[in-house]
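This is final23.cif. It holds mmCIF, C-alpha atoms.
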data_work
#
loop_
_atom_site.label_atom_id
_atom_site.label_comp_id
_atom_site.auth_asym_id
_atom_site.auth_seq_id
_atom_site.Cartn_x
_atom_site.Cartn_y
_atom_site.Cartn_z
CA MET A 1 -49.47 129.29 137.39
CA THR A 2 -47.64 127.47 140.11
CA ARG A 3 -49.77 128.96 142.84
CA LEU A 4 -52.99 128.25 140.92
CA SER A 5 -52.00 124.64 140.33
CA VAL A 6 -51.27 124.14 144.00
CA ALA A 7 -54.57 125.66 144.96
CA LEU A 8 -56.49 123.40 142.60
CA LEU A 9 -54.60 120.36 143.79
CA CYS A 10 -55.42 121.20 147.38
CA GLY A 11 -59.06 121.72 146.47
CA CYS A 12 -59.17 118.20 145.03
CA LEU A 13 -57.54 116.53 148.00
CA VAL A 14 -58.98 118.35 150.98
CA VAL A 15 -62.67 117.69 151.80
CA PRO A 16 -64.28 119.99 154.43
CA ALA A 17 -65.59 118.32 157.58
CA TRP A 18 -69.19 119.37 156.86
CA ALA A 19 -69.04 117.68 153.46
CA GLN A 20 -67.80 114.45 155.00
CA SER A 21 -70.68 114.43 157.50
CA VAL A 22 -73.35 114.21 154.82
CA ARG A 23 -71.82 111.53 152.62
CA PRO A 24 -74.61 109.04 151.77
CA ASP A 25 -72.46 106.02 152.70
CA ARG A 26 -71.95 107.25 156.22
CA PRO A 27 -73.93 104.88 158.53
CA GLY A 28 -76.49 105.82 161.15
CA SER A 29 -77.79 104.00 164.21
CA ILE A 30 -81.03 102.89 165.94
CA ALA A 31 -81.32 103.00 169.71
CA GLY A 32 -84.04 102.67 172.30
CA ARG A 33 -85.38 100.40 174.99
CA VAL A 34 -87.21 97.06 175.07
CA ILE A 35 -89.94 96.68 177.70
CA ARG A 36 -91.64 93.49 178.79
CA PRO A 37 -95.46 93.23 178.86
CA ASP A 38 -95.38 93.82 182.63
CA GLY A 39 -93.48 97.10 182.19
CA LEU A 40 -90.07 95.81 183.31
CA PRO A 41 -86.99 96.12 181.07
CA GLN A 42 -86.14 93.10 178.91
CA PRO A 43 -82.44 92.18 179.07
CA ASP A 44 -80.53 89.99 176.60
CA ALA A 45 -83.04 90.27 173.76
CA GLU A 46 -81.92 90.44 170.13
CA VAL A 47 -82.92 93.62 168.27
CA VAL A 48 -82.60 93.44 164.47
CA ALA A 49 -83.07 95.92 161.62
CA ALA A 50 -85.30 94.15 159.10
CA THR A 51 -87.22 94.69 155.88
CA ARG A 52 -90.33 93.03 154.51
CA GLY A 53 -90.19 91.51 151.05
CA ARG A 54 -92.85 91.50 148.37
CA ASP A 55 -93.83 88.07 149.63
CA GLY A 56 -94.65 89.59 153.03
CA GLN A 57 -91.80 87.76 154.76
CA LEU A 58 -89.41 89.52 157.12
CA HIS A 59 -85.80 89.63 155.96
CA LEU A 60 -83.27 90.17 158.74
CA SER A 61 -80.24 92.35 158.13
CA PRO A 62 -76.77 91.81 159.63
CA TRP A 63 -77.23 94.95 161.73
CA ARG A 64 -78.36 93.93 165.17
CA ALA A 65 -77.71 94.34 168.89
CA ARG A 66 -78.57 92.82 172.26
CA THR A 67 -80.31 94.62 175.07
CA ALA A 68 -78.50 95.44 178.30
CA PHE A 69 -79.76 94.74 181.82
CA ASP A 70 -81.94 97.88 181.66
CA GLY A 71 -83.46 97.00 178.30
CA GLN A 72 -81.38 99.58 176.42
CA TYR A 73 -79.97 98.72 172.98
CA ALA A 74 -78.07 100.47 170.17
CA ILE A 75 -77.71 99.09 166.63
CA THR A 76 -74.74 100.81 165.04
CA GLY A 77 -73.35 100.89 161.50
CA VAL A 78 -76.83 100.89 159.91
CA PRO A 79 -76.82 102.17 156.30
CA ALA A 80 -79.30 104.88 155.40
CA GLY A 81 -82.71 103.43 154.57
CA ARG A 82 -86.08 102.41 155.99
CA TYR A 83 -86.22 99.50 158.41
CA LEU A 84 -88.58 97.57 160.64
CA VAL A 85 -87.16 96.93 164.10
CA LEU A 86 -87.67 93.38 165.33
CA VAL A 87 -87.14 92.10 168.87
CA ARG A 88 -86.69 88.43 169.69
CA VAL A 89 -86.07 86.95 173.12
CA VAL A 90 -84.67 83.48 173.70
CA GLY A 91 -87.26 80.97 172.56
CA ALA A 92 -89.62 83.64 171.20
CA ASP A 93 -90.32 81.57 168.08
CA ALA A 94 -91.86 78.81 170.23
CA PRO A 95 -95.17 79.87 171.84
CA VAL A 96 -94.91 79.30 175.59
CA GLU A 97 -97.28 80.85 178.13
CA GLY A 98 -95.68 83.83 179.83
CA ARG A 99 -92.85 84.18 177.29
CA PRO A 100 -92.79 87.41 175.26
CA HIS A 101 -93.41 86.94 171.54
CA ALA A 102 -91.29 88.24 168.67
CA THR A 103 -92.40 91.86 168.30
CA LEU A 104 -92.10 94.69 165.79
CA PHE A 105 -91.75 98.34 166.75
CA PRO A 106 -93.71 99.94 168.40
CA GLY A 107 -95.25 96.82 169.97
CA VAL A 108 -97.18 94.71 167.45
CA PRO A 109 -96.99 91.05 166.37
CA THR A 110 -94.80 90.17 163.39
CA THR A 111 -97.96 89.38 161.43
CA GLU A 112 -98.86 93.08 161.47
CA THR A 113 -97.30 95.85 159.39
CA GLY A 114 -95.32 97.55 162.12
CA THR A 115 -93.96 101.09 161.98
CA ALA A 116 -90.92 101.67 159.76
CA VAL A 117 -87.96 103.68 161.04
CA ASP A 118 -86.09 106.01 158.68
CA VAL A 119 -82.32 105.96 159.16
CA PHE A 120 -80.49 108.94 157.66
CA ALA A 121 -76.79 108.96 156.75
CA GLY A 122 -74.70 109.79 159.76
CA VAL A 123 -77.70 110.56 161.99
CA PRO A 124 -78.59 108.49 165.08
CA VAL A 125 -82.25 107.51 165.57
CA GLU A 126 -83.11 107.58 169.26
CA GLY A 127 -86.13 106.62 171.38
CA VAL A 128 -87.22 103.56 169.37
CA ASP A 129 -88.87 101.90 172.37
CA ILE A 130 -90.59 98.56 171.85
CA TRP A 131 -93.25 97.01 174.11
CA LEU A 132 -93.13 93.25 173.77
CA GLN A 133 -96.16 91.19 172.89
CA PRO A 134 -98.48 89.54 173.91
CA ALA A 135 -99.51 92.45 176.13
CA PRO A 136 -99.02 95.67 174.15
CA ARG A 137 -97.93 99.04 175.43
CA ARG A 138 -99.62 101.17 178.06
CA PHE A 139 -101.18 104.57 177.43
CA GLN A 140 -101.92 107.85 179.13
CA VAL A 141 -105.43 109.30 179.39
CA SER A 142 -105.75 112.97 180.22
CA GLY A 143 -108.76 115.23 180.47
CA ARG A 144 -110.99 117.14 182.83
CA VAL A 145 -113.79 116.37 185.28
CA VAL A 146 -116.45 119.05 184.83
CA ASP A 147 -119.78 120.03 186.29
CA PRO A 148 -122.12 121.36 183.59
CA ARG A 149 -123.88 123.48 186.22
CA GLY A 150 -120.69 125.20 187.32
CA ARG A 151 -120.67 123.86 190.88
CA SER A 152 -117.30 123.77 192.64
CA LEU A 153 -115.93 120.24 192.96
CA GLU A 154 -113.99 118.75 195.85
CA ASN A 155 -112.55 115.32 196.69
CA VAL A 156 -112.56 114.18 193.06
CA ALA A 157 -111.60 110.54 192.48
CA ILE A 158 -111.61 108.45 189.30
CA GLU A 159 -112.02 104.68 189.17
CA PHE A 160 -111.08 103.09 185.86
CA GLY A 161 -110.59 99.70 184.25
CA SER A 162 -111.50 97.55 181.27
CA ALA A 163 -115.15 97.46 180.26
CA ARG A 164 -117.29 94.80 182.00
CA SER A 165 -114.62 94.20 184.62
CA ARG A 166 -113.98 95.44 188.15
CA ALA A 167 -112.29 98.82 188.55
CA ASP A 168 -108.71 97.99 189.47
CA ASN A 169 -107.23 101.49 189.45
CA ILE A 170 -108.08 104.67 191.36
CA TRP A 171 -106.73 108.17 190.75
CA THR A 172 -107.30 111.06 193.14
CA LEU A 173 -107.46 114.53 191.60
CA THR A 174 -104.96 116.99 192.93
CA ASP A 175 -104.62 119.39 190.00
CA PRO A 176 -106.77 122.53 189.97
CA GLY A 177 -109.69 122.83 187.59
CA GLY A 178 -110.54 119.13 187.46
CA LEU A 179 -107.54 118.22 185.28
CA PHE A 180 -106.28 114.63 185.42
CA THR A 181 -103.70 112.39 183.77
CA LEU A 182 -103.94 108.61 184.17
CA ASP A 183 -100.72 106.65 183.56
CA ARG A 184 -100.10 103.06 182.45
CA VAL A 185 -103.63 102.49 181.18
CA PRO A 186 -104.01 99.18 179.28
CA PRO A 187 -105.21 99.14 175.67
CA GLY A 188 -108.78 98.45 174.64
CA THR A 189 -112.04 99.95 175.85
CA ILE A 190 -111.53 101.68 179.19
CA VAL A 191 -114.35 102.96 181.41
CA LEU A 192 -113.85 105.85 183.83
CA ARG A 193 -116.18 106.67 186.72
CA ALA A 194 -115.59 110.04 188.40
CA ARG A 195 -116.85 110.90 191.86
CA ALA A 196 -116.88 114.35 193.44
CA ASP A 197 -118.41 116.33 196.28
CA SER A 198 -120.25 119.60 195.65
CA PRO A 199 -122.40 122.03 197.66
CA ASP A 200 -125.41 120.02 196.42
CA GLY A 201 -124.02 116.66 197.55
CA ALA A 202 -122.24 113.78 195.86
CA LEU A 203 -121.89 113.81 192.06
CA VAL A 204 -120.91 111.03 189.67
CA GLY A 205 -120.12 110.70 185.97
CA VAL A 206 -119.10 107.95 183.54
CA ALA A 207 -117.15 108.07 180.28
CA SER A 208 -115.33 105.54 178.11
CA VAL A 209 -112.38 105.70 175.73
CA VAL A 210 -110.84 103.25 173.23
CA LEU A 211 -107.04 103.01 173.32
CA ALA A 212 -105.40 101.38 170.32
CA VAL A 213 -102.51 103.37 168.83
CA GLU A 214 -102.08 106.62 170.75
CA SER A 215 -102.75 108.03 174.19
CA ALA A 216 -106.03 109.91 174.71
CA GLN A 217 -106.18 113.63 175.47
CA ASP A 218 -108.89 116.13 176.33
CA LEU A 219 -111.30 113.50 177.66
CA ARG A 220 -114.33 115.12 179.28
CA VAL A 221 -116.13 113.50 182.21
CA GLU A 222 -119.31 115.29 183.31
CA VAL A 223 -120.52 114.66 186.85
CA GLU A 224 -124.16 114.95 187.92
CA ARG A 225 -126.34 113.87 190.81
CA PRO A 226 -126.52 110.04 190.75
CA GLY A 227 -129.67 108.05 190.12
CA ALA A 228 -131.64 106.16 192.76
CA VAL A 229 -134.14 103.32 193.11
CA ARG A 230 -137.11 103.05 195.48
CA GLY A 231 -138.94 99.80 195.96
CA ARG A 232 -139.94 96.98 198.20
CA VAL A 233 -138.51 93.58 199.06
CA VAL A 234 -141.18 90.90 199.36
CA ALA A 235 -140.45 87.58 201.03
CA GLN A 236 -141.87 84.22 200.07
CA GLY A 237 -144.25 83.29 202.89
CA GLY A 238 -144.62 86.92 203.95
CA THR A 239 -141.97 87.17 206.69
CA LEU A 240 -138.86 89.18 205.92
CA PRO A 241 -135.53 88.08 207.44
CA PRO A 242 -134.09 90.85 209.61
CA GLY A 243 -131.11 92.99 208.63
CA LEU A 244 -131.54 92.94 204.85
CA ARG A 245 -129.71 95.48 202.68
CA VAL A 246 -130.09 96.40 199.01
CA ALA A 247 -127.20 97.50 196.76
CA LEU A 248 -127.00 98.76 193.18
CA GLU A 249 -123.81 97.58 191.48
CA PRO A 250 -122.93 99.12 188.08
CA THR A 251 -122.25 96.45 185.45
CA LEU A 252 -120.19 98.43 182.90
CA LEU A 253 -117.45 99.01 185.49
CA ARG A 254 -117.78 97.02 188.70
CA PRO A 255 -116.92 99.01 191.84
CA SER A 256 -113.42 99.02 193.27
CA ALA A 257 -112.68 97.84 196.79
CA LEU A 258 -112.24 101.45 197.89
CA TYR A 259 -115.62 102.57 196.55
CA PRO A 260 -118.00 99.59 196.89
CA ALA A 261 -121.61 99.84 195.84
CA GLY A 262 -123.54 101.71 198.51
CA GLU A 263 -125.94 99.61 200.56
CA ALA A 264 -129.39 100.75 201.72
CA ALA A 265 -131.22 99.22 204.68
CA VAL A 266 -134.55 97.45 204.15
CA ASP A 267 -137.13 98.45 206.76
CA ALA A 268 -139.61 96.14 208.46
CA SER A 269 -142.17 96.61 205.68
CA GLY A 270 -139.57 95.76 203.03
CA ARG A 271 -139.18 99.28 201.65
CA PHE A 272 -135.81 100.67 200.59
CA GLU A 273 -134.21 103.56 198.70
CA ALA A 274 -130.79 102.80 197.17
CA THR A 275 -128.45 105.17 195.35
CA GLY A 276 -126.52 104.06 192.28
CA THR A 277 -124.47 105.92 189.69
CA VAL A 278 -125.46 106.13 186.01
CA GLY A 279 -125.98 103.37 183.46
CA GLU A 280 -126.95 99.74 183.96
CA HIS A 281 -127.00 98.35 187.52
CA GLU A 282 -127.55 94.94 189.05
CA LEU A 283 -129.76 95.02 192.14
CA THR A 284 -128.55 92.70 194.89
CA VAL A 285 -129.96 91.83 198.33
CA GLN A 286 -127.46 91.27 201.13
CA GLY A 287 -127.98 89.47 204.44
CA LEU A 288 -130.17 86.67 203.06
CA PRO A 289 -130.37 83.34 204.95
CA ARG A 290 -128.48 80.37 203.56
CA GLY A 291 -130.22 78.96 200.50
CA TRP A 292 -132.18 82.16 199.86
CA GLY A 293 -131.90 84.44 196.86
CA ILE A 294 -133.78 86.68 194.47
CA ARG A 295 -136.48 84.71 192.71
CA GLY A 296 -137.00 85.08 188.99
CA THR A 297 -134.88 87.06 186.53
CA ARG A 298 -131.83 88.91 187.83
CA PRO A 299 -132.92 92.54 188.36
CA LEU A 300 -131.08 94.88 185.95
CA LEU A 301 -131.97 98.57 186.11
CA TRP A 302 -130.85 101.50 183.95
CA LEU A 303 -130.31 104.77 185.79
CA ASP A 304 -129.95 108.19 184.21
CA ALA A 305 -128.34 111.06 186.09
CA ALA A 306 -130.59 112.51 188.79
CA GLU A 307 -133.33 109.97 187.95
CA THR A 308 -135.29 108.06 190.60
CA ILE A 309 -136.99 104.82 189.63
CA THR A 310 -139.93 103.92 191.87
CA ASP A 311 -142.16 100.92 192.61
CA VAL A 312 -139.46 98.31 192.06
CA ARG A 313 -140.56 94.95 193.49
CA VAL A 314 -137.94 92.38 194.52
CA GLU A 315 -139.12 88.93 195.53
CA ILE A 316 -136.87 86.79 197.69
CA GLY A 317 -137.22 83.26 199.00
CA GLN A 318 -135.83 79.77 199.23
CA LEU A 319 -134.18 78.71 195.97
CA ALA A 320 -134.49 75.21 194.58
CA ASN A 321 -131.52 72.96 195.35
CA ARG A 322 -129.12 72.63 192.44
CA ARG A 323 -127.67 69.26 191.64
#
Go through the file and emit its structure as structure tokens.
Amino acid sequence: MTRLSVALLCGCLVVPAWAQSVRPDRPGSIAGRVIRPDGLPQPDAEVVAATRGRDGQLHLSPWRARTAFDGQYAITGVPAGRYLVLVRVVGADAPVEGRPHATLFPGVPTTETGTAVDVFAGVPVEGVDIWLQPAPRRFQVSGRVVDPRGRSLENVAIEFGSARSRADNIWTLTDPGGLFTLDRVPPGTIVLRARADSPDGALVGVASVVLAVESAQDLRVEVERPGAVRGRVVAQGGTLPPGLRVALEPTLLRPSALYPAGEAAVDASGRFEATGTVGEHELTVQGLPRGWGIRGTRPLLWLDAAETITDVRVEIGQLANRR
């Protein structure tokens, strides 16, 4: 009996280490990094575990931390539960141009729902990275440049940028098989224009993608022979200025500085043949005398792959003075 009593007493007093590690009152932690809209780390920001009440208001808990010089933070002693993670920099509650706003994980304004983080007893939550508003996080876009006719591609390059703006990024393909991965792509509608060389000459293709929550994968950009325009420039009064050139500039994604719109010479009779890409293009005439321009409506032309538009007439002349 004595031995049994001792054994039972020991069983009541001694708790195995594995049992201690799963006690529900054992706290967890939340750790990650805070990144400014420009991609740099945000030091000295307050990171708080919060909940949202039935009234929709955020309620801040006492569990919080400050970011280090590299944007890293760790909130310790957090009880098990579900939390929103809020970041506030000094003065974030007062809207000032250039100052990051108060932001919820993963990088949305406090007026939005945000993504809740589950904290389990005794388990650290890592990698809770937050991109501060007003500019949200950046994305990756990966995919493949393909030729539907099976032609081998060389010297592949991709221009990309926001829709209706100028291409401000260029990526040169180095992976085999036309594979590409674009880093730090801004959110919203992004247009990609791929260029490549083939045994049949230059090829071009355009695709777009909308980035809102996640990065984009398996994007397919088909390249084909670009479109072209043939026409004639006609001068008011009948005499053409010498040295004129015609260019076709795509409007959905304006050309980058590295790949400007190709210019075609205008011969003495005014005839030209200009090569574009695909989609809508604005026709421009370069080398005009001061005060001259294209008369009438701005010429906008839609080009399909491998299409040639003919008999385009462009009238130039002295424009009326604007007051």
Can you work out the spacing between CA of Trp63 (chain A) and CA of Gln42 (chain A) in Å, to one decimal?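 Interatomic distance, CA of Trp63 (chain A) to CA of Gln42 (chain A): 19.4 Å.
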Please return, as JSON, numbers by chain, all polymer residues that have at least one atom within 9 Å of the point (-91.8, 92.6, 177.1); use all atoms listed in the file and the file's own coordinate frame. {"A": [34, 35, 36, 37, 38, 39, 40, 41, 42, 89, 99, 100, 101, 103, 107, 130, 131, 132, 133, 134, 135, 136]}
Emit the selected residues as a short mmCIF file (atom, residue, chain, number, x, y, z; two decimals), in the coordinates of the input, including C-alpha atoms.
data_model
loop_
_atom_site.label_atom_id
_atom_site.label_comp_id
_atom_site.auth_asym_id
_atom_site.auth_seq_id
_atom_site.Cartn_x
_atom_site.Cartn_y
_atom_site.Cartn_z
CA VAL A 34 -87.21 97.06 175.07
CA ILE A 35 -89.94 96.68 177.70
CA ARG A 36 -91.64 93.49 178.79
CA PRO A 37 -95.46 93.23 178.86
CA ASP A 38 -95.38 93.82 182.63
CA GLY A 39 -93.48 97.10 182.19
CA LEU A 40 -90.07 95.81 183.31
CA PRO A 41 -86.99 96.12 181.07
CA GLN A 42 -86.14 93.10 178.91
CA VAL A 89 -86.07 86.95 173.12
CA ARG A 99 -92.85 84.18 177.29
CA PRO A 100 -92.79 87.41 175.26
CA HIS A 101 -93.41 86.94 171.54
CA THR A 103 -92.40 91.86 168.30
CA GLY A 107 -95.25 96.82 169.97
CA ILE A 130 -90.59 98.56 171.85
CA TRP A 131 -93.25 97.01 174.11
CA LEU A 132 -93.13 93.25 173.77
CA GLN A 133 -96.16 91.19 172.89
CA PRO A 134 -98.48 89.54 173.91
CA ALA A 135 -99.51 92.45 176.13
CA PRO A 136 -99.02 95.67 174.15
#
Given the PyMOL selection byres ((chain A and resi 201) around 10) and the file above, list the residues it selects as a ChimeraX atom specification. /A:153,196-200,202-203,224-226
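The residues caught by the PyMOL selection byres ((chain A and resi 304) around 9) in this file are Pro226, Gly227, Ala228, Thr277, Val278, Gly279, Glu280, Trp302, Leu303, Ala305, Ala306, Glu307 and Thr308 of chain A.
The residue set within 10 Å of Ser162 (chain A), counting only C-alpha atoms and dropping same-chain residues fewer than 6 places from it, reads Asp168, Val185, Pro186, Pro187, Gly188, Thr189, Ile190, Val191, Leu192, Ser208, Val209, Val210, Leu252, Leu253 and Arg254 of chain A.
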Just so the selection is clear, what residues does the PyMOL selection byres ((chain A and resi 76) around 10) cover here, as an MDAnalysis selection string? chainID A and resid 27:31 63:65 73:75 77:79 124
Limit the output to C-alpha atoms and give region 256-304 of chain A as a PDB file, in the first residue's frame.
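Ended up saving to part.pdb:
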ATOM      1  CA  SER A 256       9.871  52.404 -72.694  1.00  0.00           C
ATOM      2  CA  ALA A 257      12.980  54.476 -73.333  1.00  0.00           C
ATOM      3  CA  LEU A 258      14.865  51.324 -74.296  1.00  0.00           C
ATOM      4  CA  TYR A 259      12.302  50.250 -76.905  1.00  0.00           C
ATOM      5  CA  PRO A 260      10.817  53.447 -78.398  1.00  0.00           C
ATOM      6  CA  ALA A 261       8.205  53.308 -81.109  1.00  0.00           C
ATOM      7  CA  GLY A 262       9.909  52.542 -84.407  1.00  0.00           C
ATOM      8  CA  GLU A 263      10.038  55.411 -86.884  1.00  0.00           C
ATOM      9  CA  ALA A 264       9.569  55.055 -90.649  1.00  0.00           C
ATOM     10  CA  ALA A 265      10.870  57.584 -93.171  1.00  0.00           C
ATOM     11  CA  VAL A 266       8.425  59.492 -95.393  1.00  0.00           C
ATOM     12  CA  ASP A 267       9.580  59.596 -99.017  1.00  0.00           C
ATOM     13  CA  ALA A 268       9.339  62.577-101.360  1.00  0.00           C
ATOM     14  CA  SER A 269       5.823  61.595-102.450  1.00  0.00           C
ATOM     15  CA  GLY A 270       4.675  61.331 -98.833  1.00  0.00           C
ATOM     16  CA  ARG A 271       4.416  57.538 -98.734  1.00  0.00           C
ATOM     17  CA  PHE A 272       5.456  55.532 -95.684  1.00  0.00           C
ATOM     18  CA  GLU A 273       5.224  52.051 -94.153  1.00  0.00           C
ATOM     19  CA  ALA A 274       5.452  51.930 -90.343  1.00  0.00           C
ATOM     20  CA  THR A 275       5.538  48.881 -88.088  1.00  0.00           C
ATOM     21  CA  GLY A 276       3.646  48.817 -84.792  1.00  0.00           C
ATOM     22  CA  THR A 277       2.835  46.057 -82.321  1.00  0.00           C
ATOM     23  CA  VAL A 278      -0.724  44.883 -81.610  1.00  0.00           C
ATOM     24  CA  GLY A 279      -3.707  46.816 -80.269  1.00  0.00           C
ATOM     25  CA  GLU A 280      -4.494  50.521 -80.455  1.00  0.00           C
ATOM     26  CA  HIS A 281      -1.791  52.888 -81.737  1.00  0.00           C
ATOM     27  CA  GLU A 282      -1.458  56.640 -82.071  1.00  0.00           C
ATOM     28  CA  LEU A 283       0.095  57.716 -85.367  1.00  0.00           C
ATOM     29  CA  THR A 284       2.542  60.594 -84.975  1.00  0.00           C
ATOM     30  CA  VAL A 285       4.598  62.587 -87.503  1.00  0.00           C
ATOM     31  CA  GLN A 286       8.079  63.661 -86.449  1.00  0.00           C
ATOM     32  CA  GLY A 287      10.262  66.403 -87.930  1.00  0.00           C
ATOM     33  CA  LEU A 288       7.448  68.905 -88.540  1.00  0.00           C
ATOM     34  CA  PRO A 289       8.273  72.642 -88.748  1.00  0.00           C
ATOM     35  CA  ARG A 290       7.417  74.834 -85.784  1.00  0.00           C
ATOM     36  CA  GLY A 291       3.680  75.470 -85.603  1.00  0.00           C
ATOM     37  CA  TRP A 292       2.828  72.472 -87.782  1.00  0.00           C
ATOM     38  CA  GLY A 293       0.893  69.391 -86.760  1.00  0.00           C
ATOM     39  CA  ILE A 294      -1.600  66.781 -87.869  1.00  0.00           C
ATOM     40  CA  ARG A 295      -4.819  68.433 -88.947  1.00  0.00           C
ATOM     41  CA  GLY A 296      -8.147  67.051 -87.845  1.00  0.00           C
ATOM     42  CA  THR A 297      -8.789  64.208 -85.407  1.00  0.00           C
ATOM     43  CA  ARG A 298      -5.823  62.488 -83.783  1.00  0.00           C
ATOM     44  CA  PRO A 299      -5.166  59.322 -85.829  1.00  0.00           C
ATOM     45  CA  LEU A 300      -5.818  56.178 -83.739  1.00  0.00           C
ATOM     46  CA  LEU A 301      -5.373  52.833 -85.467  1.00  0.00           C
ATOM     47  CA  TRP A 302      -6.058  49.284 -84.251  1.00  0.00           C
ATOM     48  CA  LEU A 303      -3.560  46.659 -85.378  1.00  0.00           C
ATOM     49  CA  ASP A 304      -4.029  42.908 -85.189  1.00  0.00           C
TER      50      ASP A 304
END
